[in-house]
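**Q** I'm passing along protein.txt; it holds compact mmCIF, C-alpha atoms and all ligand atoms.
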```txt
# COMPACT_ATOMS: atom_id res chain seq x y z
CA MET A 158 0.00 0.00 0.00
CA THR A 159 1.59 3.31 -1.02
CA GLU A 160 1.79 6.08 1.52
CA LEU A 161 -0.81 8.84 1.24
CA ASN A 162 0.40 11.92 3.06
CA LEU A 163 -1.92 14.80 3.98
CA ALA A 164 0.33 16.11 6.75
CA SER A 165 2.56 18.64 5.05
CA GLY A 166 2.14 22.38 5.59
CA ALA A 167 3.67 23.00 2.15
CA SER A 168 1.49 22.66 -0.95
CA TYR A 169 2.47 20.39 -3.84
CA PHE A 170 2.48 23.26 -6.36
CA LYS A 171 5.70 24.32 -8.04
CA SER A 172 7.10 27.75 -7.18
CA PRO A 173 6.16 30.39 -9.79
CA GLU A 174 8.29 30.37 -12.94
CA PRO A 175 8.96 34.16 -12.69
CA ALA A 176 10.48 33.57 -9.23
CA ILE A 177 12.79 30.87 -10.54
CA ASN A 178 13.86 32.95 -13.56
CA ALA A 179 14.47 36.07 -11.47
CA ALA A 180 16.59 34.14 -8.94
CA ILE A 181 18.72 32.58 -11.68
CA ALA A 182 19.18 35.94 -13.44
CA ALA A 183 20.15 37.62 -10.15
CA LEU A 184 22.69 34.90 -9.38
CA HIS A 185 24.23 35.29 -12.85
CA ALA A 186 24.31 39.06 -12.32
CA GLY A 187 26.42 38.46 -9.21
CA LYS A 188 23.80 39.49 -6.66
CA THR A 189 25.34 37.29 -4.02
CA TYR A 190 26.46 39.98 -1.58
CA TYR A 191 24.92 41.28 1.67
CA GLY A 192 21.66 43.04 1.04
CA PRO A 193 20.15 45.68 3.32
CA ALA A 194 18.92 44.06 6.56
CA GLU A 195 15.48 45.68 6.21
CA GLY A 196 14.99 44.42 2.65
CA THR A 197 15.60 45.99 -0.76
CA ALA A 198 13.84 49.27 -1.50
CA ASP A 199 12.05 47.70 -4.48
CA LEU A 200 10.65 44.80 -2.50
CA ARG A 201 9.60 46.96 0.46
CA ASN A 202 7.86 49.26 -2.00
CA ALA A 203 6.07 46.41 -3.71
CA LEU A 204 4.96 44.98 -0.36
CA ALA A 205 3.70 48.38 0.81
CA ASN A 206 1.80 48.68 -2.51
CA ARG A 207 0.13 45.33 -1.83
CA TYR A 208 -1.61 47.00 1.14
CA GLN A 209 -2.07 50.41 -0.49
CA ALA A 210 -4.02 48.64 -3.23
CA GLN A 211 -6.50 47.56 -0.53
CA GLY A 212 -6.84 51.15 0.70
CA ILE A 213 -4.50 50.63 3.68
CA ALA A 214 -1.95 53.44 4.04
CA ILE A 215 1.39 51.64 4.49
CA LYS A 216 4.78 53.21 3.76
CA PRO A 217 7.78 51.14 2.68
CA GLU A 218 9.43 52.10 6.02
CA GLN A 219 6.72 50.08 7.71
CA VAL A 220 7.85 46.86 6.03
CA LEU A 221 10.66 44.51 7.08
CA VAL A 222 11.64 41.61 4.80
CA THR A 223 12.47 38.51 6.85
CA PRO A 224 13.80 35.01 6.17
CA GLY A 225 10.33 33.47 6.51
CA THR A 226 7.26 34.20 8.58
CA LYS A 227 8.60 32.12 11.45
CA GLN A 228 11.55 34.47 11.66
CA ALA A 229 9.20 37.46 11.37
CA LEU A 230 7.40 36.16 14.46
CA PHE A 231 10.64 35.37 16.24
CA ASN A 232 11.95 38.90 15.57
CA LEU A 233 8.78 40.35 17.08
CA PHE A 234 8.78 38.01 20.07
CA SER A 235 12.43 38.94 20.67
CA VAL A 236 11.85 42.69 20.68
CA LEU A 237 8.44 42.80 22.37
CA LEU A 238 8.44 40.14 25.08
CA ARG A 239 9.81 40.66 28.57
CA ASP A 240 10.06 38.22 31.47
CA GLY A 241 6.62 37.12 32.60
CA ASP A 242 4.78 38.46 29.55
CA GLU A 243 1.89 36.49 28.13
CA VAL A 244 1.09 35.70 24.51
CA VAL A 245 -2.63 35.10 24.17
CA VAL A 246 -3.67 32.78 21.33
CA PRO A 247 -7.13 31.53 20.37
CA VAL A 248 -6.95 27.77 19.79
CA PRO A 249 -6.99 25.59 17.75
CA ALA A 250 -3.85 27.32 16.45
CA TRP A 251 -0.69 26.43 14.58
CA PHE A 252 1.69 24.47 16.87
CA GLY A 253 4.62 26.60 15.62
CA PHE A 254 3.64 29.45 17.95
CA ASN A 255 4.29 27.23 20.94
CA GLU A 256 7.58 26.00 19.48
CA LEU A 257 8.79 29.58 18.91
CA LEU A 258 7.82 30.58 22.42
CA LYS A 259 10.12 27.90 23.84
CA TYR A 260 12.95 30.17 22.67
CA SER A 261 11.35 33.48 23.65
CA LYS A 262 10.49 35.16 26.92
CA GLY A 263 6.72 34.88 26.68
CA LYS A 264 4.34 32.32 28.05
CA LEU A 265 1.47 30.96 25.96
CA VAL A 266 -2.08 31.53 27.20
CA THR A 267 -4.79 29.85 25.14
CA ILE A 268 -8.43 30.80 24.59
CA GLU A 269 -10.66 28.01 23.39
CA THR A 270 -12.81 28.44 20.29
CA THR A 271 -15.08 25.58 19.23
CA LEU A 272 -16.35 23.86 16.12
CA ALA A 273 -19.88 24.04 17.59
CA GLN A 274 -19.56 27.85 17.37
CA ASN A 275 -17.75 27.79 14.02
CA TYR A 276 -14.56 28.86 15.78
CA ARG A 277 -16.07 32.27 16.46
CA LEU A 278 -13.88 34.71 18.39
CA ASP A 279 -15.74 35.93 21.44
CA PRO A 280 -14.39 39.40 22.37
CA GLU A 281 -15.70 39.04 25.93
CA ALA A 282 -13.93 35.68 26.41
CA ILE A 283 -10.76 37.27 25.06
CA ARG A 284 -11.15 40.27 27.35
CA LYS A 285 -11.47 37.93 30.35
CA SER A 286 -8.22 36.19 29.41
CA LEU A 287 -6.29 39.45 29.16
CA THR A 288 -4.30 40.77 32.12
CA GLU A 289 -1.71 43.50 32.57
CA LYS A 290 0.86 40.84 31.65
CA SER A 291 -0.72 40.21 28.24
CA ARG A 292 1.75 41.59 25.73
CA ILE A 293 0.70 39.99 22.45
CA LEU A 294 -2.65 38.82 21.17
CA LEU A 295 -1.76 36.50 18.33
CA LEU A 296 -4.25 35.53 15.62
CA THR A 297 -3.98 33.61 12.38
CA ASN A 298 -6.32 34.75 9.68
CA PRO A 299 -7.16 32.68 7.65
CA ALA A 300 -6.53 30.26 10.48
CA ASN A 301 -4.33 27.20 10.42
CA PRO A 302 -5.69 24.57 11.13
CA THR A 303 -9.40 25.53 11.06
CA GLY A 304 -9.53 27.50 7.79
CA ARG A 305 -11.64 30.15 9.53
CA ILE A 306 -11.60 33.70 8.10
CA TYR A 307 -12.58 36.29 10.69
CA SER A 308 -15.14 38.80 9.43
CA LYS A 309 -14.40 42.53 9.51
CA PRO A 310 -16.80 43.20 12.45
CA GLU A 311 -15.32 40.26 14.34
CA LEU A 312 -11.81 41.66 13.86
CA GLU A 313 -12.87 45.18 14.69
CA ALA A 314 -14.28 43.99 18.02
CA ILE A 315 -10.89 42.45 18.81
CA VAL A 316 -8.94 45.54 17.74
CA THR A 317 -11.19 47.66 19.98
CA LEU A 318 -9.92 45.67 22.99
CA LEU A 319 -6.47 47.18 22.43
CA HIS A 320 -7.75 50.54 23.71
CA ASP A 321 -8.32 49.05 27.15
CA PHE A 322 -4.94 47.27 27.32
CA PRO A 323 -2.22 49.83 26.58
CA ASN A 324 0.64 47.29 26.79
CA LEU A 325 -0.97 44.90 24.35
CA TYR A 326 0.04 44.39 20.70
CA LEU A 327 -2.07 42.55 18.14
CA ILE A 328 -0.07 40.35 15.78
CA SER A 329 -2.09 38.92 12.93
CA ASP A 330 -0.42 36.07 11.05
CA GLU A 331 -1.93 36.40 7.56
CA ILE A 332 0.30 33.91 5.75
CA TYR A 333 -2.70 32.32 3.95
CA ASP A 334 -4.40 35.60 3.00
CA LEU A 335 -4.55 34.87 -0.75
CA ASP A 336 -5.73 31.26 -0.28
CA THR A 337 -9.42 32.06 0.12
CA TYR A 338 -12.60 30.52 -1.29
CA GLY A 339 -15.19 33.27 -1.58
CA LYS A 340 -15.48 34.75 1.90
CA PRO A 341 -13.88 38.22 1.96
CA PHE A 342 -10.62 38.54 3.84
CA THR A 343 -9.82 41.63 5.93
CA SER A 344 -6.32 42.39 7.12
CA ALA A 345 -5.97 43.49 10.74
CA LEU A 346 -4.24 46.57 9.30
CA ALA A 347 -7.58 47.66 7.81
CA CYS A 348 -9.27 47.86 11.21
CA PRO A 349 -9.47 51.24 12.93
CA GLY A 350 -7.61 51.21 16.24
CA PRO A 351 -4.27 52.07 17.80
CA GLN A 352 -2.16 51.52 14.68
CA GLU A 353 1.05 51.77 16.71
CA ARG A 354 0.18 48.37 18.21
CA ILE A 355 -1.18 46.46 15.21
CA ILE A 356 1.29 44.26 13.33
CA VAL A 357 0.88 41.82 10.45
CA VAL A 358 3.24 38.98 9.53
CA ASN A 359 3.00 37.28 6.17
CA GLY A 360 5.18 35.40 3.71
CA PHE A 361 5.61 33.63 0.40
CA SER A 362 5.57 30.01 1.62
CA LYS A 363 1.84 29.34 1.32
CA ASN A 364 0.37 31.87 -1.13
CA PHE A 365 3.10 31.16 -3.68
CA ALA A 366 4.32 27.64 -2.83
CA MET A 367 7.74 29.04 -1.88
CA SER A 368 8.34 27.45 1.54
CA GLY A 369 11.95 26.50 0.75
CA TRP A 370 12.94 30.00 -0.32
CA ARG A 371 12.63 31.31 3.23
CA ILE A 372 11.09 34.71 2.74
CA GLY A 373 8.42 36.56 4.69
CA PHE A 374 7.73 40.03 6.01
CA VAL A 375 6.43 42.16 8.87
CA VAL A 376 4.18 45.17 8.34
CA GLY A 377 3.62 47.49 11.27
CA PRO A 378 4.48 50.67 13.08
CA GLU A 379 7.83 52.17 12.10
CA ALA A 380 9.23 51.99 15.65
CA ILE A 381 8.68 48.22 15.85
CA ILE A 382 10.00 47.71 12.32
CA LYS A 383 13.14 49.61 13.31
CA GLN A 384 13.70 47.49 16.44
CA SER A 385 13.03 44.24 14.53
CA THR A 386 15.45 45.37 11.81
CA ASP A 387 18.17 45.93 14.44
CA PHE A 388 17.50 42.47 15.85
CA GLN A 389 17.60 40.93 12.38
CA SER A 390 20.74 42.82 11.46
CA SER A 391 22.53 41.46 14.55
CA THR A 392 21.36 37.88 14.15
CA PHE A 393 20.61 37.00 10.54
CA SER A 394 21.42 40.03 8.31
CA GLY A 395 19.24 40.56 5.26
CA VAL A 396 17.51 37.95 3.13
CA SER A 397 19.73 36.92 0.19
CA MET A 398 19.50 39.42 -2.67
CA PHE A 399 18.57 36.83 -5.28
CA ILE A 400 15.72 35.55 -3.09
CA GLN A 401 14.41 39.10 -2.72
CA GLU A 402 14.53 39.58 -6.49
CA ALA A 403 12.57 36.34 -6.89
CA ALA A 404 10.00 37.59 -4.39
CA LEU A 405 9.65 40.85 -6.29
CA ALA A 406 9.07 39.00 -9.56
CA THR A 407 6.49 36.85 -7.78
CA LEU A 408 4.52 39.90 -6.64
CA GLN A 409 4.67 41.47 -10.09
CA THR A 410 3.05 38.39 -11.65
CA GLN A 411 0.95 37.21 -8.74
CA GLU A 412 -2.47 37.36 -10.35
CA ALA A 413 -1.83 34.56 -12.83
CA THR A 414 -0.12 32.36 -10.22
CA ILE A 415 -2.86 32.74 -7.65
CA ALA A 416 -5.68 32.19 -10.15
CA THR A 417 -4.21 28.86 -11.27
CA MET A 418 -3.57 27.61 -7.76
CA LEU A 419 -6.95 28.69 -6.43
CA GLU A 420 -8.78 26.88 -9.19
CA VAL A 421 -7.17 23.60 -8.14
CA LEU A 422 -7.54 24.30 -4.42
CA GLN A 423 -11.27 25.04 -4.85
CA GLU A 424 -11.78 21.68 -6.53
CA ASN A 425 -9.67 19.90 -3.94
CA ARG A 426 -11.59 21.50 -1.13
CA GLN A 427 -14.81 20.14 -2.59
CA LEU A 428 -13.31 16.69 -3.01
CA MET A 429 -12.20 16.59 0.61
CA GLN A 430 -15.54 17.89 1.81
CA LYS A 431 -17.38 15.17 -0.14
CA GLY A 432 -14.99 12.57 1.21
CA LEU A 433 -15.63 13.67 4.79
CA GLU A 434 -19.39 13.82 4.28
CA ALA A 435 -19.29 10.17 3.26
CA ILE A 436 -17.94 9.15 6.68
CA PRO A 437 -20.46 8.75 9.49
CA HIS A 438 -20.05 10.67 12.78
CA VAL A 439 -17.49 13.15 11.50
CA SER A 440 -18.11 16.88 11.90
CA PHE A 441 -16.04 19.67 10.44
CA TYR A 442 -15.91 23.32 9.47
CA VAL A 443 -15.71 23.96 5.73
CA PRO A 444 -12.63 26.16 5.45
CA ASP A 445 -12.99 29.71 4.13
CA GLY A 446 -9.26 29.93 3.56
CA ALA A 447 -5.85 28.19 3.92
CA TYR A 448 -5.80 24.57 2.67
CA TYR A 449 -6.73 22.28 5.53
CA PHE A 450 -9.74 20.53 6.94
CA PHE A 451 -9.69 19.94 10.68
CA PRO A 452 -12.39 17.28 11.21
CA ASP A 453 -13.52 16.08 14.61
CA LEU A 454 -12.92 12.31 14.70
CA SER A 455 -13.53 11.94 18.43
CA HIS A 456 -16.39 9.51 17.76
CA TYR A 457 -13.70 7.00 16.77
CA ILE A 458 -11.74 7.39 19.99
CA GLY A 459 -12.69 4.73 22.52
CA THR A 460 -12.85 1.99 19.87
CA ARG A 461 -10.77 -1.05 18.95
CA THR A 462 -9.07 -2.03 15.73
CA PRO A 463 -9.73 -5.32 13.86
CA THR A 464 -6.67 -6.78 15.61
CA GLY A 465 -8.02 -5.80 19.02
CA ALA A 466 -5.78 -2.80 19.72
CA THR A 467 -7.35 0.06 21.63
CA ILE A 468 -7.81 3.52 20.12
CA ASN A 469 -7.92 5.71 23.20
CA SER A 470 -6.46 9.02 22.03
CA THR A 471 -5.98 11.16 18.94
CA GLU A 472 -2.39 9.93 18.90
CA THR A 473 -3.35 6.23 18.82
CA LEU A 474 -5.90 7.03 16.10
CA CYS A 475 -3.25 8.80 13.98
CA ASN A 476 -0.81 5.93 14.58
CA TYR A 477 -3.46 3.41 13.49
CA LEU A 478 -4.16 5.37 10.29
CA GLN A 479 -0.45 5.57 9.53
CA GLN A 480 0.66 2.07 10.54
CA GLN A 481 -2.34 0.03 9.36
CA HIS A 482 -3.47 2.15 6.40
CA ASN A 483 -0.38 4.14 5.40
CA LEU A 484 -2.35 7.38 5.66
CA VAL A 485 -0.59 10.30 7.32
CA VAL A 486 -2.54 13.14 8.96
CA VAL A 487 -1.53 15.51 11.77
CA ASN A 488 -2.68 14.95 15.33
CA GLY A 489 -5.00 17.85 16.23
CA ASP A 490 -3.92 17.73 19.90
CA ASN A 491 -0.80 19.62 18.77
CA PHE A 492 -3.06 22.50 17.70
CA GLY A 493 -5.24 22.44 20.81
CA GLY A 494 -8.04 20.50 19.06
CA VAL A 495 -8.26 17.17 20.91
CA GLY A 496 -9.94 14.46 18.83
CA HIS A 497 -9.37 16.38 15.60
CA VAL A 498 -6.83 15.79 12.82
CA ARG A 499 -5.44 18.23 10.27
CA MET A 500 -5.57 17.16 6.64
CA SER A 501 -4.12 19.21 3.77
CA PHE A 502 -5.97 19.41 0.46
CA ALA A 503 -3.00 21.07 -1.27
CA VAL A 504 -1.96 17.65 -2.59
CA GLU A 505 -2.30 15.91 -5.97
CA GLN A 506 -5.92 15.01 -6.70
CA PRO A 507 -5.37 11.22 -7.01
CA VAL A 508 -3.68 11.23 -3.61
CA LEU A 509 -6.54 13.23 -2.14
CA GLU A 510 -9.22 10.96 -3.59
CA GLN A 511 -7.53 7.76 -2.47
CA ALA A 512 -6.84 9.23 0.95
CA MET A 513 -10.51 9.96 1.52
CA VAL A 514 -11.51 6.43 0.53
CA ARG A 515 -8.83 5.04 2.80
CA LEU A 516 -9.84 7.24 5.72
CA ARG A 517 -13.43 6.06 5.43
CA GLU A 518 -12.47 2.39 5.27
CA ALA A 519 -10.04 2.73 8.16
CA LEU A 520 -12.57 4.45 10.42
CA LEU A 521 -15.39 2.05 9.55
CA GLN A 522 -13.21 -0.88 10.59
CA LEU A 523 -13.07 0.46 14.15
CA LYS A 524 -15.52 -1.23 16.51
CA PRO A 525 -16.89 -0.28 19.92
CA GLN A 526 -14.73 -1.48 22.80
CA LEU A 527 -15.92 -4.67 24.51
N1 LIG A 601 2.50 30.88 10.28
C1 LIG A 601 1.60 29.91 10.03
C2 LIG A 601 0.18 30.09 10.50
C3 LIG A 601 1.98 28.76 9.33
O1 LIG A 601 1.07 27.81 9.07
C4 LIG A 601 3.32 28.62 8.92
C5 LIG A 601 3.82 27.39 8.19
N2 LIG A 601 3.24 26.20 8.51
C6 LIG A 601 4.22 29.65 9.21
C7 LIG A 601 3.78 30.77 9.88
C8 LIG A 601 5.67 29.56 8.82
O2 LIG A 601 5.87 30.19 7.60
P1 LIG A 601 7.30 30.43 6.90
O3 LIG A 601 7.54 29.25 6.01
O4 LIG A 601 7.12 31.69 6.13
O5 LIG A 601 8.31 30.54 7.99
```
Take the structure in the file and give it back as structure tokens.
**A**
Amino acid sequence: MTELNLASGASYFKSPEPAINAAIAALHAGKTYYGPAEGTADLRNALANRYQAQGIAIKPEQVLVTPGTKQALFNLFSVLLRDGDEVVVPVPAWFGFNELLKYSKGKLVTIETTLAQNYRLDPEAIRKSLTEKSRILLLTNPANPTGRIYSKPELEAIVTLLHDFPNLYLISDEIYDLDTYGKPFTSALACPGPQERIIVVNGFSKNFAMSGWRIGFVVGPEAIIKQSTDFQSSTFSGVSMFIQEAALATLQTQEATIATMLEVLQENRQLMQKGLEAIPHVSFYVPDGAYYFFPDLSHYIGTRTPTGATINSTETLCNYLQQQHNLVVVNGDNFGGVGHVRMSFAVEQPVLEQAMVRLREALLQLKPQL
């Protein structure tokens, strides 16, 4: 049985041809020296334009080019967090936040959102979780793993909270902002509020299938961009010049790239939805964005396999799917969604179709415990 893998955070698409051509041309042109730590003027301009085109007034000085979105977050955690500070995150959320915080000063505080409420953000629940130690409120929008896009009013209610917590920054991780399926996306930068404490991180890994290129960016108040640039200059320096030229070429041709990818992702999303609907006792949110489903499989926990082994946790369920059916999904416990699994639909269609058949068969073989 061949392995069917739905676990990767990277899509199967090839990086855009203009990116590849621009990188090769830049290498041949000898652009292999240190670039400016904050990013090239052209790329910062193009990134600022990306927001200006949405009616959001962003200057190039408000943009820092980083070696990936992870590093963008790490830069911000390094300059903002002090001993004892709290980073408040609605869950389910990407496990990477927790990993990064192991190497930063902050402590993770989670706020539960539920499938039953369509992962709605409740401003009052968030307010109750905030203290004078809360330094960062961290959102992903569109969210990984739930695929939830927060509506403009929902976001505005969150941004309003900043007025009552003067030490608090909002960081919105918008790395999937172009992977959307009809529901309008609003950047946190478009919400009225204390702009000196609203920061967006984003990157090229997901929107443009460029995870291996290591390029992302921060958009925010100039003071924070300056501090993060100093941190980056001392630790990493600038992103390689030829990678920045590739990123610029990607932005200049993005419409065609995105249209092609979205067409496939739309179809794949439907295929996965149909596949999940064909399995009894599975509930899920149909993602508005990103490229994952995060179904609740908890009905199948507390069962036994045909060989009599016990499935008593999300981990044993994932192990059973992998070891007995060669189907790899990600354990939702890692995202704060116990009983759920994360499945990517940014995979080849035959893999996706077979995976859904296999998932159904595997789950239907599980029997109640004696
Ligand atoms: N943020 C989120 C929400 C992600 O899902 C990921 C990748 N899985 C990252 C950041 C990391 O992105 P990058 O490759 O740009 O470091």
**Q** I'd like to know which of A:Val375, A:Met367, A:Val508, A:Leu405 is closest to Asn232 of chain A, using all atoms listed in the file.
**A**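 Smallest distance to Asn232 of chain A is found for A:Val375.
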**Q** For Asn324 of chain A, which of A:Met513, A:Leu312, A:Val244, A:Ala345 is the closest residue, counting only C-alpha atoms?
**A**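 Nearest candidate to Asn324 of chain A out of A:Met513, A:Leu312, A:Val244, A:Ala345: A:Val244.
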**Q** Could you give me, as JSON lines, a per-residue list for chain A showing, wherever an atom lies at most 8 Å from an atom of ligand LIG 601 (chain A), the closest pair of atoms and their distance in Å to one decimal, using all atoms listed in the file and sorting by chain then residue number from low to high?
**A**
```
{"residue": "A:Gly166", "atom": "CA", "partner": "A:LIG601", "partner_atom": "N2", "distance": 4.9}
{"residue": "A:Ala167", "atom": "CA", "partner": "A:LIG601", "partner_atom": "N2", "distance": 7.1}
{"residue": "A:Pro224", "atom": "CA", "partner": "A:LIG601", "partner_atom": "O5", "distance": 7.3}
{"residue": "A:Gly225", "atom": "CA", "partner": "A:LIG601", "partner_atom": "O4", "distance": 3.7}
{"residue": "A:Thr226", "atom": "CA", "partner": "A:LIG601", "partner_atom": "O4", "distance": 3.5}
{"residue": "A:Lys227", "atom": "CA", "partner": "A:LIG601", "partner_atom": "O5", "distance": 3.8}
{"residue": "A:Gln228", "atom": "CA", "partner": "A:LIG601", "partner_atom": "O5", "distance": 6.3}
{"residue": "A:Ala229", "atom": "CA", "partner": "A:LIG601", "partner_atom": "O5", "distance": 7.8}
{"residue": "A:Leu230", "atom": "CA", "partner": "A:LIG601", "partner_atom": "C7", "distance": 7.9}
{"residue": "A:Ala250", "atom": "CA", "partner": "A:LIG601", "partner_atom": "C2", "distance": 7.7}
{"residue": "A:Trp251", "atom": "CA", "partner": "A:LIG601", "partner_atom": "C2", "distance": 5.5}
{"residue": "A:Gly253", "atom": "CA", "partner": "A:LIG601", "partner_atom": "C6", "distance": 7.1}
{"residue": "A:Phe254", "atom": "CA", "partner": "A:LIG601", "partner_atom": "N1", "distance": 7.9}
{"residue": "A:Thr297", "atom": "CA", "partner": "A:LIG601", "partner_atom": "C2", "distance": 5.8}
{"residue": "A:Ala300", "atom": "CA", "partner": "A:LIG601", "partner_atom": "C2", "distance": 6.7}
{"residue": "A:Asn301", "atom": "CA", "partner": "A:LIG601", "partner_atom": "C2", "distance": 5.4}
{"residue": "A:Pro302", "atom": "CA", "partner": "A:LIG601", "partner_atom": "O1", "distance": 7.8}
{"residue": "A:Asp330", "atom": "CA", "partner": "A:LIG601", "partner_atom": "N1", "distance": 6.0}
{"residue": "A:Glu331", "atom": "CA", "partner": "A:LIG601", "partner_atom": "C2", "distance": 7.3}
{"residue": "A:Ile332", "atom": "CA", "partner": "A:LIG601", "partner_atom": "N1", "distance": 5.9}
{"residue": "A:Tyr333", "atom": "CA", "partner": "A:LIG601", "partner_atom": "C2", "distance": 7.5}
{"residue": "A:Asn359", "atom": "CA", "partner": "A:LIG601", "partner_atom": "O4", "distance": 6.9}
{"residue": "A:Gly360", "atom": "CA", "partner": "A:LIG601", "partner_atom": "O4", "distance": 4.8}
{"residue": "A:Phe361", "atom": "CA", "partner": "A:LIG601", "partner_atom": "O4", "distance": 6.2}
{"residue": "A:Ser362", "atom": "CA", "partner": "A:LIG601", "partner_atom": "O3", "distance": 4.9}
{"residue": "A:Lys363", "atom": "CA", "partner": "A:LIG601", "partner_atom": "O3", "distance": 7.4}
{"residue": "A:Met367", "atom": "CA", "partner": "A:LIG601", "partner_atom": "O3", "distance": 7.9}
{"residue": "A:Ser368", "atom": "CA", "partner": "A:LIG601", "partner_atom": "O3", "distance": 4.9}
{"residue": "A:Gly369", "atom": "CA", "partner": "A:LIG601", "partner_atom": "O3", "distance": 7.4}
{"residue": "A:Arg371", "atom": "CA", "partner": "A:LIG601", "partner_atom": "O3", "distance": 6.2}
{"residue": "A:Ile372", "atom": "CA", "partner": "A:LIG601", "partner_atom": "O4", "distance": 6.0}
{"residue": "A:Gly373", "atom": "CA", "partner": "A:LIG601", "partner_atom": "O4", "distance": 5.2}
```
**Q** Deliver the residues from the most recent selection as a file, using C-alpha atoms, as a PDB file, in the coordinates of the input.
**A**
```pdb
ATOM      1  CA  GLY A 166       2.140  22.380   5.590  1.00  0.00           C
ATOM      2  CA  ALA A 167       3.670  23.000   2.150  1.00  0.00           C
ATOM      3  CA  PRO A 224      13.800  35.010   6.170  1.00  0.00           C
ATOM      4  CA  GLY A 225      10.330  33.470   6.510  1.00  0.00           C
ATOM      5  CA  THR A 226       7.260  34.200   8.580  1.00  0.00           C
ATOM      6  CA  LYS A 227       8.600  32.120  11.450  1.00  0.00           C
ATOM      7  CA  GLN A 228      11.550  34.470  11.660  1.00  0.00           C
ATOM      8  CA  ALA A 229       9.200  37.460  11.370  1.00  0.00           C
ATOM      9  CA  LEU A 230       7.400  36.160  14.460  1.00  0.00           C
ATOM     10  CA  ALA A 250      -3.850  27.320  16.450  1.00  0.00           C
ATOM     11  CA  TRP A 251      -0.690  26.430  14.580  1.00  0.00           C
ATOM     12  CA  GLY A 253       4.620  26.600  15.620  1.00  0.00           C
ATOM     13  CA  PHE A 254       3.640  29.450  17.950  1.00  0.00           C
ATOM     14  CA  THR A 297      -3.980  33.610  12.380  1.00  0.00           C
ATOM     15  CA  ALA A 300      -6.530  30.260  10.480  1.00  0.00           C
ATOM     16  CA  ASN A 301      -4.330  27.200  10.420  1.00  0.00           C
ATOM     17  CA  PRO A 302      -5.690  24.570  11.130  1.00  0.00           C
ATOM     18  CA  ASP A 330      -0.420  36.070  11.050  1.00  0.00           C
ATOM     19  CA  GLU A 331      -1.930  36.400   7.560  1.00  0.00           C
ATOM     20  CA  ILE A 332       0.300  33.910   5.750  1.00  0.00           C
ATOM     21  CA  TYR A 333      -2.700  32.320   3.950  1.00  0.00           C
ATOM     22  CA  ASN A 359       3.000  37.280   6.170  1.00  0.00           C
ATOM     23  CA  GLY A 360       5.180  35.400   3.710  1.00  0.00           C
ATOM     24  CA  PHE A 361       5.610  33.630   0.400  1.00  0.00           C
ATOM     25  CA  SER A 362       5.570  30.010   1.620  1.00  0.00           C
ATOM     26  CA  LYS A 363       1.840  29.340   1.320  1.00  0.00           C
ATOM     27  CA  MET A 367       7.740  29.040  -1.880  1.00  0.00           C
ATOM     28  CA  SER A 368       8.340  27.450   1.540  1.00  0.00           C
ATOM     29  CA  GLY A 369      11.950  26.500   0.750  1.00  0.00           C
ATOM     30  CA  ARG A 371      12.630  31.310   3.230  1.00  0.00           C
ATOM     31  CA  ILE A 372      11.090  34.710   2.740  1.00  0.00           C
ATOM     32  CA  GLY A 373       8.420  36.560   4.690  1.00  0.00           C
TER      33      GLY A 373
END
```
**Q** Take the point (-4.8, 38.7, 9.4) in the file's coordinates, draw a sphere of radius 12 Å around it, and report as a count of residues only every protein, DNA or RNA residue with an atom inside or on it, counting all atoms listed in the file.
**A** 45
**Q** Of the candidates A:Tyr169, A:Phe393, A:Phe451, A:Tyr326, which shows the shortest atom-to-atom distance to Arg354 of chain A, using only C-alpha atoms?
**A** A:Tyr326
**Q** Could you name the residues that touch Gln384 of chain A at 7 Å or less, counting all atoms listed in the file, but leaving out those on the same chain fewer than 4 positions away, as a list in words?
**A**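 Near neighbours after the sequence-gap exclusion: Val236, Ala380 and Phe388 of chain A.
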**Q** Rounded to one decimal place, report the atom CA of Thr407 of chain A-atom CA of Pro175 of chain A distance in Å.
**A** 6.1 Å
**Q** Which residues of segment 385-456 of chain A sit at most 12 Å from segment 477-491 of chain A, using all atoms listed in the file? Give each one's shortest atom pair and distance in Å (one decimal place), in chain and ascending residue order, as a Markdown table.
**A**
```
| residue | atom | partner | partner_atom | distance |
| --- | --- | --- | --- | --- |
| A:Tyr449 | CA | A:Val487 | CA | 10.6 |
| A:Phe450 | CA | A:Val486 | CA | 10.5 |
| A:Phe451 | CA | A:Gly489 | CA | 7.6 |
| A:Pro452 | CA | A:Gly489 | CA | 9.0 |
| A:Asp453 | CA | A:Gly489 | CA | 8.9 |
| A:Leu454 | CA | A:Gly489 | CA | 9.8 |
| A:Ser455 | CA | A:Gly489 | CA | 10.6 |
```
**Q** Take the residues just selected and output them with C-alpha atoms as an mmCIF file, keeping the file's coordinate frame.
**A**
```cif
data_model
loop_
_atom_site.group_PDB
_atom_site.id
_atom_site.type_symbol
_atom_site.label_atom_id
_atom_site.label_comp_id
_atom_site.auth_asym_id
_atom_site.auth_seq_id
_atom_site.Cartn_x
_atom_site.Cartn_y
_atom_site.Cartn_z
ATOM 1 C CA TYR A 449 -6.730 22.280 5.530
ATOM 2 C CA PHE A 450 -9.740 20.530 6.940
ATOM 3 C CA PHE A 451 -9.690 19.940 10.680
ATOM 4 C CA PRO A 452 -12.390 17.280 11.210
ATOM 5 C CA ASP A 453 -13.520 16.080 14.610
ATOM 6 C CA LEU A 454 -12.920 12.310 14.700
ATOM 7 C CA SER A 455 -13.530 11.940 18.430
#
```
**Q** Using atom CA of Ile181 of chain A and atom CA of Gly395 of chain A as the two end points, give the distance in Å to one decimal.
**A**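 Answer for the atom CA of Ile181 of chain A to atom CA of Gly395 of chain A separation: 18.7 Å.
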